[in-house]
file start.cif (mmCIF, C-alpha atoms)
data_my_file
loop_
_atom_site.label_atom_id
_atom_site.label_comp_id
_atom_site.auth_asym_id
_atom_site.auth_seq_id
_atom_site.Cartn_x
_atom_site.Cartn_y
_atom_site.Cartn_z
CA MET A 13 0.00 0.00 0.00
CA LEU A 14 2.82 2.41 0.90
CA LEU A 15 4.55 1.59 -2.35
CA ARG A 16 1.34 2.22 -4.26
CA LYS A 17 0.83 5.60 -2.52
CA SER A 18 4.42 6.61 -3.25
CA LEU A 19 4.00 5.64 -6.90
CA MET A 20 0.77 7.63 -7.06
CA MET A 21 2.53 10.71 -5.64
CA VAL A 22 5.27 10.41 -8.26
CA LEU A 23 2.71 10.16 -11.04
CA VAL A 24 0.78 13.18 -9.75
CA THR A 25 4.00 15.20 -9.49
CA MET A 26 4.98 14.25 -13.04
CA LEU A 27 1.53 15.24 -14.29
CA VAL A 28 1.84 18.64 -12.62
CA PHE A 29 5.22 19.27 -14.25
CA VAL A 30 3.92 18.16 -17.65
CA THR A 31 0.87 20.42 -17.29
CA ILE A 32 3.06 23.37 -16.32
CA GLY A 33 5.33 22.68 -19.31
CA VAL A 34 2.38 22.54 -21.71
CA SER A 35 0.86 25.75 -20.38
CA LYS A 36 4.19 27.57 -20.72
CA SER A 37 4.75 26.36 -24.27
CA SER A 38 1.26 27.38 -25.35
CA ALA A 39 1.14 30.69 -23.51
CA ALA A 40 2.83 32.82 -26.18
CA THR A 41 1.02 36.10 -26.74
CA GLY A 42 2.06 36.29 -30.37
CA PHE A 43 4.18 34.88 -33.15
CA TYR A 44 7.72 33.98 -32.17
CA VAL A 45 10.92 32.73 -33.77
CA SER A 46 12.82 29.67 -32.61
CA GLY A 47 15.85 28.76 -34.69
CA THR A 48 14.88 28.77 -38.35
CA LYS A 49 11.14 28.45 -37.66
CA LEU A 50 8.31 30.89 -37.08
CA TYR A 51 5.65 29.73 -34.62
CA ASP A 52 2.17 31.09 -34.04
CA SER A 53 0.79 31.92 -30.62
CA THR A 54 -0.64 28.40 -30.22
CA GLY A 55 2.85 26.91 -30.56
CA LYS A 56 2.36 25.58 -34.09
CA PRO A 57 4.92 26.18 -36.86
CA PHE A 58 3.55 28.79 -39.26
CA VAL A 59 4.59 28.86 -42.91
CA MET A 60 3.33 31.89 -44.82
CA ARG A 61 1.47 31.26 -48.03
CA GLY A 62 -0.04 34.32 -49.60
CA VAL A 63 0.28 37.45 -51.70
CA ASN A 64 1.14 41.12 -51.54
CA HIS A 65 -1.61 43.72 -51.81
CA SER A 66 -0.65 47.28 -52.84
CA HIS A 67 -3.15 48.94 -50.52
CA THR A 68 -1.58 52.38 -50.24
CA TRP A 69 -2.05 53.04 -53.98
CA PHE A 70 -5.53 51.52 -54.11
CA LYS A 71 -7.03 52.54 -50.79
CA ASN A 72 -10.63 52.28 -52.00
CA ASP A 73 -10.31 48.64 -53.09
CA LEU A 74 -9.69 47.06 -49.69
CA ASN A 75 -13.18 45.63 -49.20
CA ALA A 76 -13.06 43.95 -52.60
CA ALA A 77 -9.46 42.73 -52.53
CA ILE A 78 -9.22 41.13 -49.08
CA PRO A 79 -12.18 38.71 -49.48
CA ALA A 80 -10.90 37.78 -52.96
CA ILE A 81 -7.41 37.08 -51.62
CA ALA A 82 -8.88 35.00 -48.80
CA LYS A 83 -10.78 32.92 -51.35
CA THR A 84 -7.46 31.63 -52.73
CA GLY A 85 -6.81 29.93 -49.38
CA ALA A 86 -4.00 32.34 -48.45
CA ASN A 87 -3.07 32.32 -44.79
CA THR A 88 -1.20 35.65 -45.01
CA VAL A 89 -1.48 38.93 -46.88
CA ARG A 90 1.34 41.48 -47.01
CA ILE A 91 -0.13 44.98 -47.04
CA VAL A 92 1.68 47.95 -48.59
CA LEU A 93 1.38 51.03 -46.35
CA SER A 94 2.81 54.55 -46.48
CA ASP A 95 4.30 56.63 -43.67
CA GLY A 96 3.42 59.75 -45.67
CA THR A 97 6.91 60.79 -46.71
CA GLN A 98 6.58 59.62 -50.33
CA TYR A 99 3.00 58.41 -50.73
CA THR A 100 -0.31 59.29 -49.08
CA LYS A 101 -0.12 58.28 -45.43
CA ASP A 102 -2.17 55.40 -44.06
CA ASP A 103 -3.30 56.75 -40.70
CA ILE A 104 -4.04 54.79 -37.55
CA ASN A 105 -7.77 54.51 -38.23
CA SER A 106 -7.22 53.13 -41.72
CA VAL A 107 -4.76 50.57 -40.31
CA LYS A 108 -7.32 49.53 -37.71
CA ASN A 109 -9.85 48.99 -40.50
CA ILE A 110 -7.36 46.95 -42.52
CA LEU A 111 -6.54 44.72 -39.58
CA ALA A 112 -10.19 44.18 -38.70
CA LEU A 113 -11.00 43.07 -42.25
CA VAL A 114 -7.95 40.81 -42.61
CA ASN A 115 -8.79 39.23 -39.26
CA GLN A 116 -12.41 38.73 -40.33
CA TYR A 117 -11.14 36.66 -43.26
CA LYS A 118 -8.81 34.66 -41.02
CA MET A 119 -5.50 35.74 -42.50
CA ILE A 120 -2.33 37.02 -40.88
CA ALA A 121 -1.47 40.62 -41.77
CA VAL A 122 2.13 41.43 -42.62
CA LEU A 123 2.34 45.22 -42.67
CA GLU A 124 5.13 47.02 -44.52
CA VAL A 125 6.08 50.66 -45.11
CA HIS A 126 7.02 51.28 -48.75
CA ASP A 127 8.36 54.86 -48.67
CA ALA A 128 12.02 53.97 -48.03
CA THR A 129 12.24 51.45 -50.90
CA GLY A 130 15.72 51.36 -52.43
CA SER A 131 17.10 54.09 -50.16
CA ASP A 132 20.31 53.79 -48.13
CA ASP A 133 19.31 56.78 -45.99
CA VAL A 134 19.00 55.84 -42.31
CA ALA A 135 16.68 58.82 -41.84
CA LYS A 136 14.15 57.13 -44.13
CA LEU A 137 14.41 53.91 -42.14
CA ASN A 138 13.83 55.98 -39.02
CA ASN A 139 10.73 57.49 -40.63
CA ALA A 140 9.32 53.98 -40.96
CA VAL A 141 10.23 53.17 -37.35
CA ASN A 142 8.55 56.37 -36.16
CA TYR A 143 5.46 55.50 -38.19
CA TRP A 144 5.10 52.14 -36.46
CA ILE A 145 5.46 53.81 -33.10
CA SER A 146 2.88 56.47 -34.05
CA ILE A 147 0.25 53.80 -34.84
CA LYS A 148 1.24 51.62 -31.90
CA ASP A 149 -2.30 51.63 -30.50
CA ALA A 150 -3.54 49.81 -33.62
CA LEU A 151 -0.87 47.12 -33.25
CA VAL A 152 -0.36 46.31 -29.56
CA GLY A 153 -2.48 43.39 -28.47
CA LYS A 154 -2.50 41.93 -31.98
CA GLU A 155 0.88 40.19 -31.79
CA ASP A 156 -0.86 36.89 -32.60
CA ARG A 157 -2.19 38.13 -35.95
CA VAL A 158 0.01 41.04 -37.08
CA ILE A 159 3.67 40.96 -38.17
CA ILE A 160 5.69 44.12 -38.87
CA ASN A 161 7.89 44.24 -41.99
CA ILE A 162 9.87 47.29 -40.89
CA ALA A 163 10.67 48.89 -44.26
CA ASN A 164 10.23 47.47 -47.75
CA GLU A 165 13.59 46.97 -49.50
CA TRP A 166 15.39 49.60 -47.43
CA TYR A 167 19.03 49.73 -48.50
CA GLY A 168 19.33 49.54 -52.25
CA THR A 169 23.10 49.08 -52.35
CA TRP A 170 24.49 45.56 -52.52
CA ASN A 171 26.38 45.96 -49.27
CA SER A 172 26.02 44.16 -45.97
CA GLU A 173 27.52 46.35 -43.27
CA GLY A 174 25.55 49.56 -43.83
CA TRP A 175 22.32 47.57 -44.07
CA ALA A 176 23.07 45.80 -40.80
CA ASN A 177 24.04 48.98 -38.97
CA GLY A 178 20.74 50.59 -39.91
CA TYR A 179 18.66 47.72 -38.58
CA LYS A 180 20.75 47.39 -35.44
CA GLN A 181 19.56 50.92 -34.61
CA ALA A 182 15.98 50.48 -35.80
CA ILE A 183 15.02 47.27 -34.02
CA PRO A 184 15.85 48.43 -30.46
CA LYS A 185 13.76 51.58 -31.01
CA LEU A 186 10.73 49.46 -31.86
CA ARG A 187 11.28 47.19 -28.87
CA ASN A 188 11.82 50.10 -26.49
CA ALA A 189 8.50 51.54 -27.69
CA GLY A 190 6.72 48.35 -26.63
CA LEU A 191 6.26 46.75 -30.03
CA ASN A 192 6.88 43.07 -29.32
CA HIS A 193 5.62 41.68 -32.62
CA THR A 194 7.60 39.42 -34.90
CA LEU A 195 9.62 41.73 -37.15
CA ILE A 196 10.64 41.15 -40.76
CA VAL A 197 13.84 42.62 -42.21
CA ASP A 198 14.29 42.68 -46.00
CA ALA A 199 17.70 41.90 -47.48
CA ALA A 200 19.90 44.68 -48.86
CA GLY A 201 20.11 45.32 -52.60
CA TRP A 202 16.37 46.04 -53.01
CA GLY A 203 15.75 42.76 -51.19
CA GLN A 204 17.81 40.78 -53.71
CA TYR A 205 21.17 40.60 -51.92
CA PRO A 206 20.78 37.65 -49.53
CA GLN A 207 24.49 37.72 -48.77
CA SER A 208 23.70 40.63 -46.46
CA ILE A 209 21.63 38.25 -44.31
CA VAL A 210 24.32 35.58 -44.46
CA ASP A 211 27.03 38.07 -43.46
CA TYR A 212 25.23 40.02 -40.74
CA GLY A 213 21.85 38.44 -40.06
CA GLN A 214 23.00 36.90 -36.80
CA SER A 215 24.21 40.26 -35.50
CA VAL A 216 20.96 41.94 -36.55
CA LEU A 217 19.02 39.24 -34.70
CA ALA A 218 21.27 39.77 -31.66
CA ALA A 219 20.19 43.44 -31.62
CA ASP A 220 16.60 42.29 -31.10
CA SER A 221 15.97 41.91 -27.37
CA LYS A 222 13.08 39.55 -28.19
CA LYS A 223 15.11 37.50 -30.72
CA ASN A 224 11.93 37.60 -32.79
CA THR A 225 13.08 38.66 -36.25
CA VAL A 226 12.53 36.92 -39.59
CA PHE A 227 14.62 37.77 -42.65
CA SER A 228 13.20 38.22 -46.13
CA ILE A 229 14.61 37.76 -49.61
CA HIS A 230 12.79 39.26 -52.59
CA MET A 231 13.33 36.82 -55.41
CA TYR A 232 13.36 38.36 -58.84
CA GLN A 233 15.88 38.09 -61.67
CA TYR A 234 18.93 38.01 -59.37
CA ALA A 235 17.98 36.18 -56.19
CA GLY A 236 15.46 33.87 -57.89
CA LYS A 237 16.75 33.44 -61.41
CA ASP A 238 16.97 29.62 -61.49
CA ASP A 239 16.55 26.45 -59.44
CA ALA A 240 20.14 26.32 -58.17
CA THR A 241 20.15 30.00 -57.15
CA VAL A 242 16.83 29.70 -55.30
CA LYS A 243 17.97 26.60 -53.43
CA ALA A 244 21.36 28.07 -52.48
CA ASN A 245 19.90 31.38 -51.34
CA MET A 246 17.42 29.66 -49.05
CA GLU A 247 19.94 27.19 -47.65
CA ASN A 248 22.63 29.80 -47.04
CA VAL A 249 20.32 31.73 -44.73
CA LEU A 250 18.82 28.68 -43.02
CA ASN A 251 22.31 27.27 -42.42
CA LYS A 252 23.02 30.38 -40.34
CA GLY A 253 20.20 29.35 -38.01
CA LEU A 254 17.97 32.23 -39.13
CA ALA A 255 14.26 32.27 -39.96
CA LEU A 256 13.47 33.12 -43.58
CA ILE A 257 10.60 34.06 -45.87
CA ILE A 258 10.45 35.05 -49.52
CA GLY A 259 8.64 38.34 -49.10
CA GLU A 260 8.18 39.03 -52.83
CA PHE A 261 8.61 37.12 -56.06
CA GLY A 262 7.14 36.81 -59.53
CA GLY A 263 7.66 34.63 -62.57
CA PHE A 264 9.39 37.26 -64.67
CA HIS A 265 11.04 40.61 -64.00
CA GLN A 266 12.51 43.37 -66.18
CA GLY A 267 12.99 41.15 -69.20
CA GLU A 268 14.43 38.20 -67.31
CA ASP A 269 13.01 34.92 -66.04
CA VAL A 270 12.40 34.08 -62.39
CA ASP A 271 11.92 30.45 -61.35
CA GLU A 272 8.69 30.71 -59.40
CA TYR A 273 8.27 26.94 -59.49
CA ALA A 274 11.57 26.47 -57.65
CA ILE A 275 10.60 29.11 -55.09
CA MET A 276 7.36 27.29 -54.32
CA LYS A 277 9.00 23.84 -54.44
CA TYR A 278 11.85 24.65 -52.08
CA GLY A 279 9.55 26.76 -49.95
CA GLN A 280 7.51 23.64 -49.36
CA GLN A 281 10.50 21.33 -48.88
CA LYS A 282 12.27 23.64 -46.43
CA GLY A 283 9.29 25.16 -44.64
CA VAL A 284 10.04 28.65 -45.96
CA GLY A 285 7.09 31.01 -46.24
CA TRP A 286 6.43 33.05 -49.36
CA LEU A 287 4.28 35.97 -50.49
CA ALA A 288 3.89 36.51 -54.24
CA TRP A 289 3.94 40.00 -55.76
CA SER A 290 1.26 41.25 -56.27
CA TRP A 291 -2.49 40.88 -56.31
CA TYR A 292 -3.11 43.49 -59.02
CA GLY A 293 -2.34 47.07 -60.05
CA ASN A 294 1.24 46.89 -61.30
CA SER A 295 2.29 49.52 -63.85
CA SER A 296 1.87 48.66 -67.52
CA ASP A 297 5.53 47.67 -67.91
CA LEU A 298 5.19 45.26 -64.96
CA SER A 299 1.64 44.07 -65.58
CA TYR A 300 2.90 40.50 -66.00
CA LEU A 301 3.31 40.49 -62.20
CA ASP A 302 -0.45 40.93 -61.66
CA LEU A 303 -1.93 37.80 -60.07
CA ASN A 304 -5.52 38.90 -60.54
CA ASN A 305 -7.56 40.93 -62.98
CA GLY A 306 -8.52 43.75 -60.64
CA PRO A 307 -9.21 43.62 -56.90
CA ALA A 308 -11.89 40.94 -57.18
CA GLY A 309 -11.68 39.69 -60.76
CA SER A 310 -10.35 36.42 -62.12
CA LEU A 311 -6.86 35.02 -61.72
CA THR A 312 -4.31 35.83 -64.40
CA SER A 313 -2.10 33.06 -65.80
CA ALA A 314 0.57 34.09 -63.25
CA GLY A 315 -2.01 34.00 -60.47
CA ASN A 316 -3.23 30.58 -61.53
CA ILE A 317 0.31 29.21 -61.05
CA ILE A 318 0.69 30.78 -57.60
CA VAL A 319 -2.71 29.61 -56.39
CA ASN A 320 -3.22 26.27 -58.14
CA ASP A 321 0.25 24.76 -58.66
CA PRO A 322 0.85 21.53 -56.66
CA ASN A 323 3.15 23.64 -54.44
CA GLY A 324 0.88 26.68 -54.58
CA ILE A 325 -1.41 28.34 -52.08
CA LYS A 326 -4.40 26.02 -52.25
CA ALA A 327 -2.34 22.86 -51.81
CA THR A 328 0.05 24.06 -49.10
CA SER A 329 -1.51 26.90 -47.09
CA LYS A 330 -2.48 26.19 -43.48
CA LYS A 331 -4.25 28.76 -41.36
CA ALA A 332 -2.65 30.10 -38.18
CA GLY A 333 -3.62 28.24 -35.02
CA ILE A 334 -5.85 31.06 -33.76
CA TYR A 335 -8.11 30.49 -36.79
CA GLN A 336 -8.26 26.70 -36.66
#
call {"tool": "encode", "arguments": {"input": "start.cif", "output": "structure tokens"}}
result
Amino acid sequence: MLLRKSLMMVLVTMLVFVTIGVSKSSAATGFYVSGTKLYDSTGKPFVMRGVNHSHTWFKNDLNAAIPAIAKTGANTVRIVLSDGTQYTKDDINSVKNILALVNQYKMIAVLEVHDATGSDDVAKLNNAVNYWISIKDALVGKEDRVIINIANEWYGTWNSEGWANGYKQAIPKLRNAGLNHTLIVDAAGWGQYPQSIVDYGQSVLAADSKKNTVFSIHMYQYAGKDDATVKANMENVLNKGLALIIGEFGGFHQGEDVDEYAIMKYGQQKGVGWLAWSWYGNSSDLSYLDLNNGPAGSLTSAGNIIVNDPNGIKATSKKAGIYQ
């Protein structure tokens, strides 16, 4: 009897420790990075599958575009915003409306500021940082459904050190302001110089007190030109122990081919998220990048590949745990 009671006490104690462990592992308030993986707030690995939507240039199309994007099965939509320095600013109320609609359609919102695109000017990166802080009230409390892509393609030069130094200043400012969301940092070279991540990604991550930063390559004619390049660019970042997404890509760019099939294939094999550019509205010389005919029209041939390929959105997208 004594032996049985002792055994029972051991079992109860083990159960308590297991329960505590489970509650801790599932108690995350938002997305978080561990090693090369992004996890949602329920503790499940989350692999982005979705598209970019150029909201800031088509502000009146939101209510048509978001339901249409959701219909593809996308689990994520990357939303183009403006801090007002180059384009018309998206104020806090408009961001609240965006987030409410994206949440209604059970997608994760990746928000990005587009005004500093291609610039090496730290002041422009700081403008984006200040914008996020200024709309903080729309973001705090939504760490489980909103991810902040600090500045689209900031740092146009194919150089690693200057890019890293800028982000080592920017990330602590966001954290000190109380923004604890997962952050996304685009590679240097208009997003197409992944060597910047390989060279300095670990030190950029070290500057994040939350260690909650994902790196992004934009795969066009340089970073995504063929199967071997796509594979190497993904592996080189992952081998550094860093989390990675492909924040933009298309099947063709500026007269040169991009291997979108390899991007989707290796994205699936390696658990790397991707967000195709873009839903609609590209300029006439880039109209081949349109995935859809208007905000709520039919898929283009490019869109059909992204949505319906065996490695495309419909076959591989899984909703975040909060929506399951």
call {"tool": "residues_around", "arguments": {"input": "start.cif", "residues": "segment 284-292 of chain A", "least_positions_apart": "5", "cutoff": "7 Å", "atoms": "only C-alpha atoms", "output": "ChimeraX atom specification"}}
result
/A:59-65,256-262,279,301-307
call {"tool": "resolve_selection", "arguments": {"input": "start.cif", "expression": "the PyMOL selection byres ((chain A and resi 234) around 12)", "output": "PyMOL selection string"}}
result
chain A and resi 170+201-207+229-233+235-242+245+261-262+264-271
call {"tool": "resolve_selection", "arguments": {"input": "start.cif", "expression": "the PyMOL selection byres ((chain A and resi 108) around 12)", "output": "list of chain:residue names"}}
result
A:Asp102, A:Asp103, A:Ile104, A:Asn105, A:Ser106, A:Val107, A:Asn109, A:Ile110, A:Leu111, A:Ala112, A:Leu113, A:Val114, A:Asn115, A:Ala121, A:Leu123, A:Ile147, A:Lys148, A:Asp149, A:Ala150, A:Leu151, A:Val152, A:Lys154, A:Val158
call {"tool": "resolve_selection", "arguments": {"input": "start.cif", "expression": "the PyMOL selection byres ((chain A and resi 173-184) around 9)", "output": "JSON, numbers by chain"}}
result
{"A": [132, 133, 134, 137, 138, 141, 162, 166, 167, 168, 169, 170, 171, 172, 185, 186, 187, 188, 189, 195, 197, 199, 200, 208, 209, 211, 212, 213, 215, 216, 217, 218, 219, 220, 221]}
call {"tool": "atom_distance", "arguments": {"input": "start.cif", "atom1": "atom CA of Ala255 of chain A", "atom2": "atom CA of Val125 of chain A"}}
result
20.8 Å
call {"tool": "residues_near_point", "arguments": {"input": "start.cif", "point": "(0.1, 60.9, -40.3)", "cutoff": "7 Å", "atoms": "all atoms listed in the file", "output": "MDAnalysis selection string"}}
result
chainID A and resid 95:96 101 103
call {"tool": "closest_residue", "arguments": {"input": "start.cif", "among": "A:Thr194, A:Thr54, A:Val249, A:Phe43", "to": "Asn224 of chain A", "atoms": "all atoms listed in the file"}}
result
A:Thr194
call {"tool": "residues_around", "arguments": {"input": "start.cif", "residues": "Val92 of chain A", "least_positions_apart": "6", "cutoff": "6 Å", "atoms": "only C-alpha atoms", "output": "PDB file with C-alpha atoms, keeping the file's coordinate frame"}}
result
ATOM      1  CA  SER A  66      -0.650  47.280 -52.840  1.00  0.00           C
ATOM      2  CA  HIS A  67      -3.150  48.940 -50.520  1.00  0.00           C
ATOM      3  CA  THR A  68      -1.580  52.380 -50.240  1.00  0.00           C
ATOM      4  CA  GLU A 124       5.130  47.020 -44.520  1.00  0.00           C
TER       5      GLU A 124
END
call {"tool": "axis_aligned_box", "arguments": {"input": "start.cif", "around": "segment 112-124 of chain A", "padding_each_side": "8 Å", "output": "JSON"}}
result
{"center_x": -3.6, "center_y": 40.8, "center_z": -41.6, "size_x": 33.5, "size_y": 28.4, "size_z": 21.8}
call {"tool": "atom_distance", "arguments": {"input": "start.cif", "atom1": "atom CA of Thr84 of chain A", "atom2": "atom CA of Ser313 of chain A"}}
result
14.2 Å
call {"tool": "closest_residue", "arguments": {"input": "start.cif", "among": "A:Ala86, A:Met246, A:Ile91, A:Ile78", "to": "Lys330 of chain A", "atoms": "all atoms listed in the file"}}
result
A:Ala86
call {"tool": "closest_residue", "arguments": {"input": "start.cif", "among": "A:Leu250, A:Ile160, A:Ile275, A:Met119", "to": "Lys331 of chain A", "atoms": "only C-alpha atoms"}}
result
A:Met119
call {"tool": "atom_distance", "arguments": {"input": "start.cif", "atom1": "atom CA of Arg90 of chain A", "atom2": "atom CA of Val210 of chain A"}}
result
23.9 Å
call {"tool": "closest_residue", "arguments": {"input": "start.cif", "among": "A:Ile196, A:Ala332, A:Leu74, A:Ile325", "to": "Gln280 of chain A", "atoms": "only C-alpha atoms"}}
result
A:Ile325
call {"tool": "residues_around", "arguments": {"input": "start.cif", "residues": "Asn320 of chain A", "least_positions_apart": "4", "cutoff": "12 Å", "atoms": "only C-alpha atoms", "output": "number ranges by chain"}}
result
A: 84-86, 273, 276, 303, 311-316, 324-329
call {"tool": "closest_residue", "arguments": {"input": "start.cif", "among": "A:Ala274, A:Tyr300, A:Ala135, A:Ile145", "to": "Pro322 of chain A", "atoms": "all atoms listed in the file"}}
result
A:Ala274
call {"tool": "closest_residue", "arguments": {"input": "start.cif", "among": "A:Asn294, A:Thr41, A:Thr88, A:Asn164", "to": "His193 of chain A", "atoms": "all atoms listed in the file"}}
result
A:Thr41
